[in-house]
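Enquirer: There's a structure below that I have some questions on.
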Amino acid sequence: MLDFQDFVKQIFNEQYEKTFGSTLLEKLEARDYFFKREENGNLIALLHAQQVLENIHIKALVVEPNYQKQGLGASLLAELEEKAMAEGVSSITLSTKSYQAKDFYLKQGYEIYASLEDVPQKGITKYHFIKRLS
């Protein structure tokens, strides 16, 4: 009997093969990217993203509070975007919440394509962003 993860992967792979063909199956495996900034050997900022086909989804972008508003987050995004264009990526997506970095992403050229009020709880809004690359 298949375990849970193998079962899910099997069903998704069947769907992917039907939709995209067998030649693209390997490109459907998420490809991780990590970009970081350090100071004196200490991690002060990190961006983690995953690519599937022509989209990269930012899983996390975090900057140590004492180093925020110094351009580290923007430089990590720029590095990701440069890598994305070199890889033929057409879009970058991410989600953030109202208490996080909505204005930061707007300033970086990302646009809100959806928002969910009261998610994950009342009084908080979850925003979904996209940036289309040329």
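Chain labels run A, B, ... following the order of the structure tokens; each chain numbers its residues from 1, and ligands are numbered from 1 in the order shown.
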From chain A, collect each residue whose DSSP state is strand (DSSP E or B) and return the set as a compact mmCIF listing (two decimals) with all heavy atoms, in the first residue's frame.
Expert:
# COMPACT_ATOMS: atom_id res chain seq x y z
N ARG A 31 11.70 23.22 -7.81
CA ARG A 31 13.14 23.50 -7.75
C ARG A 31 13.33 24.64 -6.75
O ARG A 31 12.78 25.73 -6.92
CB ARG A 31 13.60 23.91 -9.13
CG ARG A 31 15.06 24.22 -9.24
CD ARG A 31 15.38 24.50 -10.69
NE ARG A 31 16.74 24.93 -10.86
CZ ARG A 31 17.25 25.38 -11.98
NH1 ARG A 31 16.47 25.45 -13.06
NH2 ARG A 31 18.49 25.74 -12.06
N ASP A 32 14.07 24.37 -5.69
CA ASP A 32 14.27 25.35 -4.62
C ASP A 32 15.38 26.33 -4.93
O ASP A 32 16.41 25.96 -5.50
CB ASP A 32 14.60 24.64 -3.31
CG ASP A 32 13.40 23.97 -2.69
OD1 ASP A 32 12.46 24.69 -2.32
OD2 ASP A 32 13.40 22.73 -2.59
N TYR A 33 15.16 27.57 -4.53
CA TYR A 33 16.17 28.62 -4.58
C TYR A 33 16.29 29.23 -3.19
O TYR A 33 15.28 29.49 -2.52
CB TYR A 33 15.78 29.74 -5.55
CG TYR A 33 15.70 29.31 -6.99
CD1 TYR A 33 14.48 29.02 -7.58
CD2 TYR A 33 16.85 29.21 -7.77
CE1 TYR A 33 14.39 28.64 -8.91
CE2 TYR A 33 16.78 28.83 -9.10
CZ TYR A 33 15.55 28.54 -9.66
OH TYR A 33 15.47 28.16 -10.98
N PHE A 34 17.52 29.44 -2.75
CA PHE A 34 17.79 30.11 -1.49
C PHE A 34 18.80 31.22 -1.76
O PHE A 34 19.84 30.98 -2.35
CB PHE A 34 18.38 29.14 -0.45
CG PHE A 34 17.41 28.08 -0.02
CD1 PHE A 34 17.39 26.85 -0.65
CD2 PHE A 34 16.54 28.30 1.04
CE1 PHE A 34 16.50 25.86 -0.26
CE2 PHE A 34 15.65 27.33 1.44
CZ PHE A 34 15.63 26.10 0.80
N PHE A 35 18.46 32.42 -1.34
CA PHE A 35 19.37 33.56 -1.42
C PHE A 35 19.51 34.10 -0.01
O PHE A 35 18.51 34.19 0.72
CB PHE A 35 18.82 34.64 -2.36
CG PHE A 35 18.60 34.14 -3.77
CD1 PHE A 35 17.36 33.69 -4.17
CD2 PHE A 35 19.65 34.11 -4.68
CE1 PHE A 35 17.15 33.22 -5.46
CE2 PHE A 35 19.45 33.63 -5.96
CZ PHE A 35 18.20 33.19 -6.36
N LYS A 36 20.72 34.46 0.38
CA LYS A 36 20.91 34.90 1.75
C LYS A 36 21.88 36.06 1.84
O LYS A 36 22.65 36.33 0.91
CB LYS A 36 21.42 33.74 2.62
CG LYS A 36 22.79 33.24 2.21
CD LYS A 36 23.23 32.06 3.05
CE LYS A 36 24.61 31.61 2.58
NZ LYS A 36 25.13 30.53 3.38
N ARG A 37 21.81 36.73 2.96
CA ARG A 37 22.75 37.77 3.32
C ARG A 37 23.26 37.46 4.72
O ARG A 37 22.48 37.08 5.60
CB ARG A 37 22.11 39.16 3.30
CG ARG A 37 21.55 39.59 1.96
CD ARG A 37 22.66 39.84 0.92
NE ARG A 37 22.12 40.29 -0.34
CZ ARG A 37 21.80 39.50 -1.37
NH1 ARG A 37 21.99 38.19 -1.27
NH2 ARG A 37 21.31 39.99 -2.48
N GLU A 38 24.57 37.62 4.88
CA GLU A 38 25.18 37.36 6.18
C GLU A 38 26.03 38.55 6.59
O GLU A 38 26.48 39.32 5.74
CB GLU A 38 26.08 36.12 6.11
CG GLU A 38 25.34 34.83 5.83
CD GLU A 38 26.27 33.62 5.72
OE1 GLU A 38 27.37 33.78 5.15
OE2 GLU A 38 25.87 32.55 6.21
N GLU A 39 26.21 38.67 7.86
CA GLU A 39 27.13 39.66 8.40
C GLU A 39 27.91 38.99 9.52
O GLU A 39 27.32 38.43 10.46
CB GLU A 39 26.37 40.87 8.94
CG GLU A 39 27.32 41.98 9.39
CD GLU A 39 26.58 43.24 9.79
OE1 GLU A 39 26.34 44.07 8.88
OE2 GLU A 39 26.23 43.37 10.98
N ASN A 42 26.87 35.57 10.44
CA ASN A 42 25.50 35.40 10.94
C ASN A 42 24.50 35.69 9.84
O ASN A 42 24.62 36.69 9.13
CB ASN A 42 25.23 36.32 12.12
CG ASN A 42 26.09 35.99 13.32
OD1 ASN A 42 26.22 34.83 13.69
ND2 ASN A 42 26.69 37.01 13.92
N LEU A 43 23.50 34.84 9.73
CA LEU A 43 22.43 35.03 8.76
C LEU A 43 21.58 36.22 9.18
O LEU A 43 21.11 36.28 10.32
CB LEU A 43 21.57 33.76 8.70
CG LEU A 43 20.53 33.66 7.61
CD1 LEU A 43 21.18 33.70 6.23
CD2 LEU A 43 19.75 32.36 7.77
N ILE A 44 21.39 37.19 8.27
CA ILE A 44 20.58 38.36 8.60
C ILE A 44 19.38 38.52 7.66
O ILE A 44 18.46 39.28 7.96
CB ILE A 44 21.42 39.65 8.62
CG1 ILE A 44 22.10 39.92 7.28
CG2 ILE A 44 22.44 39.61 9.77
CD1 ILE A 44 22.75 41.29 7.16
N ALA A 45 19.39 37.81 6.53
CA ALA A 45 18.26 37.88 5.59
C ALA A 45 18.26 36.62 4.73
O ALA A 45 19.33 36.09 4.39
CB ALA A 45 18.36 39.12 4.71
N LEU A 46 17.05 36.15 4.39
CA LEU A 46 16.92 34.93 3.60
C LEU A 46 15.69 35.00 2.72
O LEU A 46 14.63 35.47 3.15
CB LEU A 46 16.80 33.71 4.52
CG LEU A 46 16.54 32.37 3.85
CD1 LEU A 46 17.81 31.88 3.16
CD2 LEU A 46 16.04 31.35 4.84
N LEU A 47 15.83 34.55 1.48
CA LEU A 47 14.71 34.38 0.57
C LEU A 47 14.70 32.93 0.13
O LEU A 47 15.71 32.41 -0.33
CB LEU A 47 14.85 35.30 -0.65
CG LEU A 47 13.65 35.34 -1.59
CD1 LEU A 47 13.62 36.67 -2.34
CD2 LEU A 47 13.62 34.21 -2.58
N HIS A 48 13.55 32.26 0.29
CA HIS A 48 13.36 30.89 -0.18
C HIS A 48 12.22 30.92 -1.19
O HIS A 48 11.15 31.46 -0.92
CB HIS A 48 13.00 29.96 0.98
CG HIS A 48 12.60 28.59 0.53
ND1 HIS A 48 11.61 27.88 1.16
CD2 HIS A 48 13.03 27.80 -0.49
CE1 HIS A 48 11.46 26.70 0.55
NE2 HIS A 48 12.31 26.64 -0.46
N ALA A 49 12.47 30.35 -2.37
CA ALA A 49 11.46 30.30 -3.42
C ALA A 49 11.51 28.96 -4.11
O ALA A 49 12.53 28.25 -4.04
CB ALA A 49 11.70 31.43 -4.43
N GLN A 50 10.42 28.60 -4.77
CA GLN A 50 10.34 27.35 -5.52
C GLN A 50 9.83 27.61 -6.93
O GLN A 50 8.84 28.32 -7.10
CB GLN A 50 9.42 26.34 -4.84
CG GLN A 50 9.96 25.80 -3.56
CD GLN A 50 9.06 24.73 -2.97
OE1 GLN A 50 7.83 24.80 -3.09
NE2 GLN A 50 9.65 23.75 -2.33
N GLN A 51 10.51 27.00 -7.90
CA GLN A 51 10.10 27.11 -9.30
C GLN A 51 9.40 25.84 -9.73
O GLN A 51 9.87 24.73 -9.48
CB GLN A 51 11.31 27.35 -10.20
CG GLN A 51 10.94 27.44 -11.67
CD GLN A 51 12.13 27.69 -12.58
OE1 GLN A 51 13.22 28.00 -12.13
NE2 GLN A 51 11.91 27.56 -13.87
N VAL A 52 8.27 26.00 -10.39
CA VAL A 52 7.57 24.92 -11.09
C VAL A 52 7.21 25.49 -12.46
O VAL A 52 6.56 26.52 -12.55
CB VAL A 52 6.31 24.44 -10.36
CG1 VAL A 52 5.57 23.40 -11.18
CG2 VAL A 52 6.68 23.87 -8.99
N ASN A 55 6.90 29.48 -13.40
CA ASN A 55 6.54 30.33 -12.26
C ASN A 55 7.44 30.02 -11.07
O ASN A 55 7.78 28.86 -10.83
CB ASN A 55 5.08 30.11 -11.84
CG ASN A 55 4.70 31.02 -10.69
OD1 ASN A 55 4.55 32.23 -10.85
ND2 ASN A 55 4.57 30.45 -9.51
N ILE A 56 7.83 31.07 -10.38
CA ILE A 56 8.52 30.92 -9.11
C ILE A 56 7.61 31.47 -8.03
O ILE A 56 7.04 32.56 -8.19
CB ILE A 56 9.87 31.67 -9.10
CG1 ILE A 56 10.86 30.97 -10.04
CG2 ILE A 56 10.43 31.74 -7.68
CD1 ILE A 56 12.22 31.63 -10.13
N HIS A 57 7.45 30.71 -6.96
CA HIS A 57 6.64 31.16 -5.83
C HIS A 57 7.57 31.41 -4.64
O HIS A 57 8.33 30.52 -4.26
CB HIS A 57 5.58 30.13 -5.45
CG HIS A 57 4.68 30.61 -4.36
ND1 HIS A 57 3.69 31.54 -4.58
CD2 HIS A 57 4.65 30.33 -3.04
CE1 HIS A 57 3.07 31.80 -3.44
NE2 HIS A 57 3.64 31.08 -2.48
N ILE A 58 7.50 32.61 -4.10
CA ILE A 58 8.30 32.95 -2.93
C ILE A 58 7.63 32.35 -1.70
O ILE A 58 6.49 32.66 -1.39
CB ILE A 58 8.47 34.48 -2.78
CG1 ILE A 58 9.23 35.04 -3.99
CG2 ILE A 58 9.17 34.81 -1.46
CD1 ILE A 58 9.29 36.55 -4.04
N LYS A 59 8.36 31.46 -1.04
CA LYS A 59 7.86 30.79 0.15
C LYS A 59 8.12 31.64 1.39
O LYS A 59 7.31 31.66 2.31
CB LYS A 59 8.53 29.43 0.33
CG LYS A 59 8.41 28.50 -0.87
CD LYS A 59 7.02 28.02 -1.10
CE LYS A 59 6.70 26.89 -0.13
NZ LYS A 59 5.37 26.33 -0.29
N ALA A 60 9.28 32.32 1.43
CA ALA A 60 9.62 33.15 2.58
C ALA A 60 10.65 34.19 2.18
O ALA A 60 11.57 33.90 1.42
CB ALA A 60 10.18 32.29 3.71
N LEU A 61 10.47 35.39 2.70
CA LEU A 61 11.47 36.45 2.60
C LEU A 61 11.51 37.09 3.98
O LEU A 61 10.54 37.72 4.41
CB LEU A 61 11.10 37.49 1.54
CG LEU A 61 11.99 38.74 1.47
CD1 LEU A 61 13.46 38.39 1.29
CD2 LEU A 61 11.53 39.65 0.35
N VAL A 62 12.62 36.88 4.68
CA VAL A 62 12.72 37.38 6.04
C VAL A 62 14.03 38.14 6.22
O VAL A 62 15.06 37.75 5.68
CB VAL A 62 12.62 36.24 7.09
CG1 VAL A 62 11.22 35.65 7.10
CG2 VAL A 62 13.63 35.16 6.84
N VAL A 63 13.93 39.23 6.97
CA VAL A 63 15.09 40.05 7.29
C VAL A 63 15.08 40.27 8.80
O VAL A 63 14.05 40.65 9.37
CB VAL A 63 15.06 41.41 6.55
CG1 VAL A 63 16.24 42.28 6.95
CG2 VAL A 63 15.03 41.20 5.04
N SER A 91 6.71 34.49 -14.42
CA SER A 91 6.03 35.16 -13.31
C SER A 91 6.60 34.71 -11.97
O SER A 91 7.13 33.61 -11.84
CB SER A 91 4.53 34.89 -13.34
OG SER A 91 4.26 33.51 -13.22
N ILE A 92 6.46 35.62 -11.01
CA ILE A 92 6.82 35.32 -9.62
C ILE A 92 5.59 35.64 -8.79
O ILE A 92 4.96 36.69 -8.96
CB ILE A 92 8.01 36.17 -9.14
CG1 ILE A 92 9.26 35.85 -9.98
CG2 ILE A 92 8.29 35.93 -7.66
CD1 ILE A 92 10.46 36.72 -9.66
N THR A 93 5.22 34.72 -7.91
CA THR A 93 4.06 34.90 -7.05
C THR A 93 4.49 34.79 -5.58
O THR A 93 5.54 34.24 -5.26
CB THR A 93 2.97 33.86 -7.34
OG1 THR A 93 3.52 32.54 -7.20
CG2 THR A 93 2.40 34.03 -8.74
N LEU A 94 3.62 35.31 -4.71
CA LEU A 94 3.85 35.20 -3.27
C LEU A 94 2.58 35.57 -2.54
O LEU A 94 1.65 36.13 -3.13
CB LEU A 94 4.99 36.13 -2.82
CG LEU A 94 4.74 37.62 -2.97
CD1 LEU A 94 4.35 38.26 -1.63
CD2 LEU A 94 5.95 38.31 -3.54
N SER A 95 2.55 35.25 -1.27
CA SER A 95 1.45 35.66 -0.39
C SER A 95 2.05 36.34 0.82
O SER A 95 3.13 35.97 1.29
CB SER A 95 0.64 34.45 0.07
OG SER A 95 0.05 33.81 -1.03
N THR A 96 1.34 37.33 1.34
CA THR A 96 1.75 37.99 2.58
C THR A 96 0.48 38.42 3.31
O THR A 96 -0.61 38.41 2.73
CB THR A 96 2.68 39.19 2.30
OG1 THR A 96 3.30 39.61 3.51
CG2 THR A 96 1.96 40.35 1.66
N LYS A 97 0.65 38.78 4.55
CA LYS A 97 -0.51 39.16 5.35
C LYS A 97 -0.42 40.65 5.71
O LYS A 97 0.63 41.27 5.61
CB LYS A 97 -0.58 38.29 6.59
CG LYS A 97 -0.83 36.83 6.19
CD LYS A 97 -0.70 35.88 7.35
CE LYS A 97 -0.74 34.46 6.85
NZ LYS A 97 0.52 34.03 6.24
N GLU A 111 1.99 43.14 -7.95
CA GLU A 111 0.61 43.61 -7.91
C GLU A 111 -0.27 42.58 -7.22
O GLU A 111 -0.04 41.37 -7.32
CB GLU A 111 0.08 43.92 -9.30
CG GLU A 111 0.04 42.74 -10.23
CD GLU A 111 -0.47 43.09 -11.62
OE1 GLU A 111 0.36 43.47 -12.46
OE2 GLU A 111 -1.69 42.98 -11.84
N ILE A 112 -1.25 43.08 -6.50
CA ILE A 112 -2.19 42.21 -5.80
C ILE A 112 -3.18 41.66 -6.81
O ILE A 112 -3.81 42.42 -7.55
CB ILE A 112 -2.95 42.97 -4.69
CG1 ILE A 112 -1.96 43.47 -3.64
CG2 ILE A 112 -4.03 42.10 -4.07
CD1 ILE A 112 -2.56 44.44 -2.63
N TYR A 113 -3.29 40.33 -6.87
CA TYR A 113 -4.31 39.74 -7.75
C TYR A 113 -5.47 39.15 -6.97
O TYR A 113 -6.51 38.83 -7.55
CB TYR A 113 -3.70 38.70 -8.71
CG TYR A 113 -3.21 37.42 -8.07
CD1 TYR A 113 -4.06 36.37 -7.82
CD2 TYR A 113 -1.86 37.28 -7.74
CE1 TYR A 113 -3.61 35.19 -7.24
CE2 TYR A 113 -1.40 36.11 -7.18
CZ TYR A 113 -2.27 35.07 -6.93
OH TYR A 113 -1.81 33.92 -6.35
N ALA A 114 -5.33 39.03 -5.66
CA ALA A 114 -6.43 38.55 -4.82
C ALA A 114 -6.13 38.92 -3.38
O ALA A 114 -4.97 39.05 -2.98
CB ALA A 114 -6.60 37.04 -4.95
N SER A 115 -7.18 39.08 -2.61
CA SER A 115 -7.02 39.28 -1.17
C SER A 115 -8.18 38.58 -0.46
O SER A 115 -9.28 38.48 -1.00
CB SER A 115 -6.99 40.76 -0.80
OG SER A 115 -8.20 41.39 -1.15
N LEU A 116 -7.88 38.10 0.72
CA LEU A 116 -8.87 37.38 1.51
C LEU A 116 -8.94 38.03 2.89
O LEU A 116 -7.97 37.99 3.65
CB LEU A 116 -8.48 35.90 1.66
CG LEU A 116 -8.34 35.11 0.36
CD1 LEU A 116 -7.63 33.79 0.61
CD2 LEU A 116 -9.70 34.89 -0.25
N GLU A 117 -10.07 38.64 3.19
CA GLU A 117 -10.23 39.27 4.50
C GLU A 117 -10.54 38.20 5.55
O GLU A 117 -11.14 37.17 5.24
CB GLU A 117 -11.35 40.30 4.44
CG GLU A 117 -11.00 41.50 3.58
CD GLU A 117 -12.09 42.55 3.54
OE1 GLU A 117 -13.07 42.44 4.31
OE2 GLU A 117 -11.98 43.48 2.73
N THR A 125 -5.85 40.35 6.80
CA THR A 125 -6.08 40.12 5.38
C THR A 125 -4.87 39.43 4.78
O THR A 125 -3.73 39.83 5.06
CB THR A 125 -6.35 41.44 4.64
OG1 THR A 125 -7.50 42.07 5.23
CG2 THR A 125 -6.61 41.21 3.15
N LYS A 126 -5.11 38.43 3.98
CA LYS A 126 -4.04 37.73 3.26
C LYS A 126 -4.06 38.23 1.82
O LYS A 126 -5.11 38.26 1.18
CB LYS A 126 -4.26 36.22 3.29
CG LYS A 126 -3.15 35.43 2.65
CD LYS A 126 -3.36 33.93 2.85
CE LYS A 126 -2.18 33.16 2.32
NZ LYS A 126 -2.33 31.72 2.58
N TYR A 127 -2.89 38.65 1.33
CA TYR A 127 -2.75 39.20 -0.02
C TYR A 127 -1.95 38.24 -0.89
O TYR A 127 -0.95 37.68 -0.45
CB TYR A 127 -2.03 40.55 0.01
CG TYR A 127 -2.77 41.61 0.77
CD1 TYR A 127 -2.45 41.88 2.10
CD2 TYR A 127 -3.80 42.32 0.18
CE1 TYR A 127 -3.13 42.85 2.81
CE2 TYR A 127 -4.48 43.29 0.89
CZ TYR A 127 -4.16 43.55 2.21
OH TYR A 127 -4.84 44.50 2.91
N HIS A 128 -2.39 38.08 -2.12
CA HIS A 128 -1.68 37.27 -3.11
C HIS A 128 -1.15 38.22 -4.18
O HIS A 128 -1.91 39.01 -4.75
CB HIS A 128 -2.61 36.22 -3.73
CG HIS A 128 -3.15 35.27 -2.70
ND1 HIS A 128 -2.44 34.18 -2.28
CD2 HIS A 128 -4.30 35.26 -2.02
CE1 HIS A 128 -3.14 33.53 -1.36
NE2 HIS A 128 -4.29 34.16 -1.19
N PHE A 129 0.15 38.11 -4.45
CA PHE A 129 0.83 39.00 -5.37
C PHE A 129 1.39 38.25 -6.57
O PHE A 129 1.69 37.05 -6.49
CB PHE A 129 2.04 39.65 -4.69
CG PHE A 129 1.70 40.76 -3.74
CD1 PHE A 129 1.34 40.48 -2.43
CD2 PHE A 129 1.76 42.08 -4.13
CE1 PHE A 129 1.07 41.49 -1.54
CE2 PHE A 129 1.47 43.11 -3.24
CZ PHE A 129 1.12 42.82 -1.94
N ILE A 130 1.56 38.98 -7.67
CA ILE A 130 2.22 38.46 -8.86
C ILE A 130 3.08 39.57 -9.47
O ILE A 130 2.73 40.75 -9.38
CB ILE A 130 1.23 37.92 -9.91
CG1 ILE A 130 1.96 37.19 -11.02
CG2 ILE A 130 0.32 39.03 -10.44
CD1 ILE A 130 1.07 36.34 -11.91
N LYS A 131 4.18 39.15 -10.05
CA LYS A 131 4.98 40.05 -10.89
C LYS A 131 5.27 39.30 -12.17
O LYS A 131 5.83 38.20 -12.15
CB LYS A 131 6.29 40.45 -10.20
CG LYS A 131 7.07 41.49 -10.99
CD LYS A 131 8.24 42.02 -10.18
CE LYS A 131 8.85 43.25 -10.84
NZ LYS A 131 9.94 43.79 -10.01
N ARG A 132 4.85 39.88 -13.28
CA ARG A 132 5.11 39.27 -14.59
C ARG A 132 6.45 39.76 -15.09
O ARG A 132 6.76 40.95 -15.04
CB ARG A 132 4.01 39.63 -15.56
CG ARG A 132 2.64 39.19 -15.03
CD ARG A 132 1.82 38.53 -16.06
NE ARG A 132 0.52 38.20 -15.52
CZ ARG A 132 0.12 36.96 -15.26
NH1 ARG A 132 0.92 35.96 -15.50
NH2 ARG A 132 -1.09 36.74 -14.80
Enquirer: As a PyMOL selection string, please: every residue in stretch 22-133 of chain A that a backbone DSSP assignment puts in alpha helix (DSSP H).
Expert: chain A and resi 72-86+102-107
Enquirer: What separation in Å, quoted to one decimal, exists between atom CA of A:Lys107 and atom CA of A:Ala74?
Expert: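 The value is 9.4 Å.
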Enquirer: Take atom CA of A:Tyr110 and atom CA of A:Lys83 and report the distance between them in Å, one decimal.
Expert: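 So the two atoms, atom CA of A:Tyr110 and atom CA of A:Lys83, lie 16.8 Å apart.
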Enquirer: Would you kindly return, as a PyMOL selection string, each protein, DNA or RNA residue with an atom no farther than 10 Å from any atom of stretch 13-27 of chain A, considering only C-alpha atoms and excluding same-chain residues fewer than 3 positions away?
Expert: chain A and resi 7-10+30-31+51-54
Enquirer: Mind writing the picked residues with all heavy atoms as a PDB file, in the first residue's frame?
Expert:
ATOM      1  N   PHE A   7       1.005   8.416  -2.557  1.00  0.00           N
ATOM      2  CA  PHE A   7      -0.329   8.409  -3.158  1.00  0.00           C
ATOM      3  C   PHE A   7      -0.612   9.752  -3.832  1.00  0.00           C
ATOM      4  O   PHE A   7      -1.039   9.813  -4.987  1.00  0.00           O
ATOM      5  CB  PHE A   7      -1.388   8.098  -2.098  1.00  0.00           C
ATOM      6  CG  PHE A   7      -2.793   8.190  -2.613  1.00  0.00           C
ATOM      7  CD1 PHE A   7      -3.309   7.221  -3.469  1.00  0.00           C
ATOM      8  CD2 PHE A   7      -3.607   9.250  -2.247  1.00  0.00           C
ATOM      9  CE1 PHE A   7      -4.610   7.319  -3.954  1.00  0.00           C
ATOM     10  CE2 PHE A   7      -4.906   9.355  -2.728  1.00  0.00           C
ATOM     11  CZ  PHE A   7      -5.416   8.378  -3.574  1.00  0.00           C
ATOM     12  N   VAL A   8      -0.357  10.849  -3.103  1.00  0.00           N
ATOM     13  CA  VAL A   8      -0.594  12.190  -3.642  1.00  0.00           C
ATOM     14  C   VAL A   8       0.272  12.404  -4.881  1.00  0.00           C
ATOM     15  O   VAL A   8      -0.203  12.879  -5.921  1.00  0.00           O
ATOM     16  CB  VAL A   8      -0.319  13.277  -2.581  1.00  0.00           C
ATOM     17  CG1 VAL A   8      -0.334  14.662  -3.198  1.00  0.00           C
ATOM     18  CG2 VAL A   8      -1.338  13.179  -1.448  1.00  0.00           C
ATOM     19  N   LYS A   9       1.554  12.048  -4.792  1.00  0.00           N
ATOM     20  CA  LYS A   9       2.466  12.234  -5.922  1.00  0.00           C
ATOM     21  C   LYS A   9       2.000  11.427  -7.137  1.00  0.00           C
ATOM     22  O   LYS A   9       2.037  11.925  -8.267  1.00  0.00           O
ATOM     23  CB  LYS A   9       3.888  11.831  -5.522  1.00  0.00           C
ATOM     24  CG  LYS A   9       4.898  12.120  -6.598  1.00  0.00           C
ATOM     25  CD  LYS A   9       6.308  11.856  -6.137  1.00  0.00           C
ATOM     26  CE  LYS A   9       7.246  12.216  -7.273  1.00  0.00           C
ATOM     27  NZ  LYS A   9       8.629  12.241  -6.872  1.00  0.00           N
ATOM     28  N   GLN A  10       1.554  10.212  -6.919  1.00  0.00           N
ATOM     29  CA  GLN A  10       1.083   9.368  -8.026  1.00  0.00           C
ATOM     30  C   GLN A  10      -0.101  10.005  -8.741  1.00  0.00           C
ATOM     31  O   GLN A  10      -0.116  10.098  -9.968  1.00  0.00           O
ATOM     32  CB  GLN A  10       0.687   7.986  -7.505  1.00  0.00           C
ATOM     33  CG  GLN A  10       0.079   7.087  -8.583  1.00  0.00           C
ATOM     34  CD  GLN A  10      -0.460   5.791  -7.995  1.00  0.00           C
ATOM     35  OE1 GLN A  10       0.123   5.245  -7.077  1.00  0.00           O
ATOM     36  NE2 GLN A  10      -1.572   5.329  -8.534  1.00  0.00           N
ATOM     37  N   ALA A  30       9.289  20.676  -7.939  1.00  0.00           N
ATOM     38  CA  ALA A  30       9.662  21.997  -7.430  1.00  0.00           C
ATOM     39  C   ALA A  30      11.179  22.105  -7.317  1.00  0.00           C
ATOM     40  O   ALA A  30      11.842  21.207  -6.821  1.00  0.00           O
ATOM     41  CB  ALA A  30       9.009  22.236  -6.075  1.00  0.00           C
ATOM     42  N   ARG A  31      11.697  23.216  -7.811  1.00  0.00           N
ATOM     43  CA  ARG A  31      13.137  23.502  -7.746  1.00  0.00           C
ATOM     44  C   ARG A  31      13.333  24.643  -6.746  1.00  0.00           C
ATOM     45  O   ARG A  31      12.782  25.727  -6.922  1.00  0.00           O
ATOM     46  CB  ARG A  31      13.605  23.913  -9.130  1.00  0.00           C
ATOM     47  CG  ARG A  31      15.063  24.224  -9.240  1.00  0.00           C
ATOM     48  CD  ARG A  31      15.378  24.503 -10.689  1.00  0.00           C
ATOM     49  NE  ARG A  31      16.745  24.926 -10.859  1.00  0.00           N
ATOM     50  CZ  ARG A  31      17.253  25.376 -11.982  1.00  0.00           C
ATOM     51  NH1 ARG A  31      16.475  25.454 -13.059  1.00  0.00           N
ATOM     52  NH2 ARG A  31      18.493  25.743 -12.058  1.00  0.00           N
ATOM     53  N   GLN A  51      10.511  27.005  -7.900  1.00  0.00           N
ATOM     54  CA  GLN A  51      10.098  27.112  -9.295  1.00  0.00           C
ATOM     55  C   GLN A  51       9.397  25.836  -9.734  1.00  0.00           C
ATOM     56  O   GLN A  51       9.874  24.733  -9.484  1.00  0.00           O
ATOM     57  CB  GLN A  51      11.307  27.346 -10.200  1.00  0.00           C
ATOM     58  CG  GLN A  51      10.936  27.435 -11.672  1.00  0.00           C
ATOM     59  CD  GLN A  51      12.128  27.693 -12.575  1.00  0.00           C
ATOM     60  OE1 GLN A  51      13.219  28.003 -12.125  1.00  0.00           O
ATOM     61  NE2 GLN A  51      11.911  27.557 -13.867  1.00  0.00           N
ATOM     62  N   VAL A  52       8.266  25.998 -10.390  1.00  0.00           N
ATOM     63  CA  VAL A  52       7.573  24.919 -11.094  1.00  0.00           C
ATOM     64  C   VAL A  52       7.213  25.486 -12.460  1.00  0.00           C
ATOM     65  O   VAL A  52       6.556  26.524 -12.550  1.00  0.00           O
ATOM     66  CB  VAL A  52       6.312  24.438 -10.356  1.00  0.00           C
ATOM     67  CG1 VAL A  52       5.573  23.399 -11.181  1.00  0.00           C
ATOM     68  CG2 VAL A  52       6.678  23.870  -8.988  1.00  0.00           C
ATOM     69  N   LEU A  53       7.693  24.826 -13.502  1.00  0.00           N
ATOM     70  CA  LEU A  53       7.515  25.287 -14.868  1.00  0.00           C
ATOM     71  C   LEU A  53       8.009  26.726 -14.994  1.00  0.00           C
ATOM     72  O   LEU A  53       9.153  27.007 -14.664  1.00  0.00           O
ATOM     73  CB  LEU A  53       6.071  25.125 -15.335  1.00  0.00           C
ATOM     74  CG  LEU A  53       5.575  23.670 -15.435  1.00  0.00           C
ATOM     75  CD1 LEU A  53       4.105  23.635 -15.799  1.00  0.00           C
ATOM     76  CD2 LEU A  53       6.390  22.875 -16.449  1.00  0.00           C
ATOM     77  N   GLU A  54       7.156  27.651 -15.432  1.00  0.00           N
ATOM     78  CA  GLU A  54       7.583  29.034 -15.693  1.00  0.00           C
ATOM     79  C   GLU A  54       7.193  29.997 -14.576  1.00  0.00           C
ATOM     80  O   GLU A  54       7.146  31.205 -14.788  1.00  0.00           O
ATOM     81  CB  GLU A  54       6.989  29.516 -17.019  1.00  0.00           C
ATOM     82  CG  GLU A  54       7.511  28.751 -18.213  1.00  0.00           C
ATOM     83  CD  GLU A  54       6.864  29.179 -19.522  1.00  0.00           C
ATOM     84  OE1 GLU A  54       6.155  30.209 -19.544  1.00  0.00           O
ATOM     85  OE2 GLU A  54       7.061  28.476 -20.518  1.00  0.00           O
TER      86      GLU A  54
END
Enquirer: Kindly give the distance, in Å, that separates atom CA of A:Asp3 and atom CA of A:Glu29, rounded to a single decimal.
Expert: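 Taking atom CA of A:Asp3 as the start and atom CA of A:Glu29 as the end point, the length is 18.8 Å.
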Enquirer: Have a look at A:Leu2, A:Phe12, A:Ile124, A:Ala78 and name the one nearest to A:Gln100; count only C-alpha atoms.
Expert: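 Distance minimum relative to A:Gln100 lands on A:Ile124.
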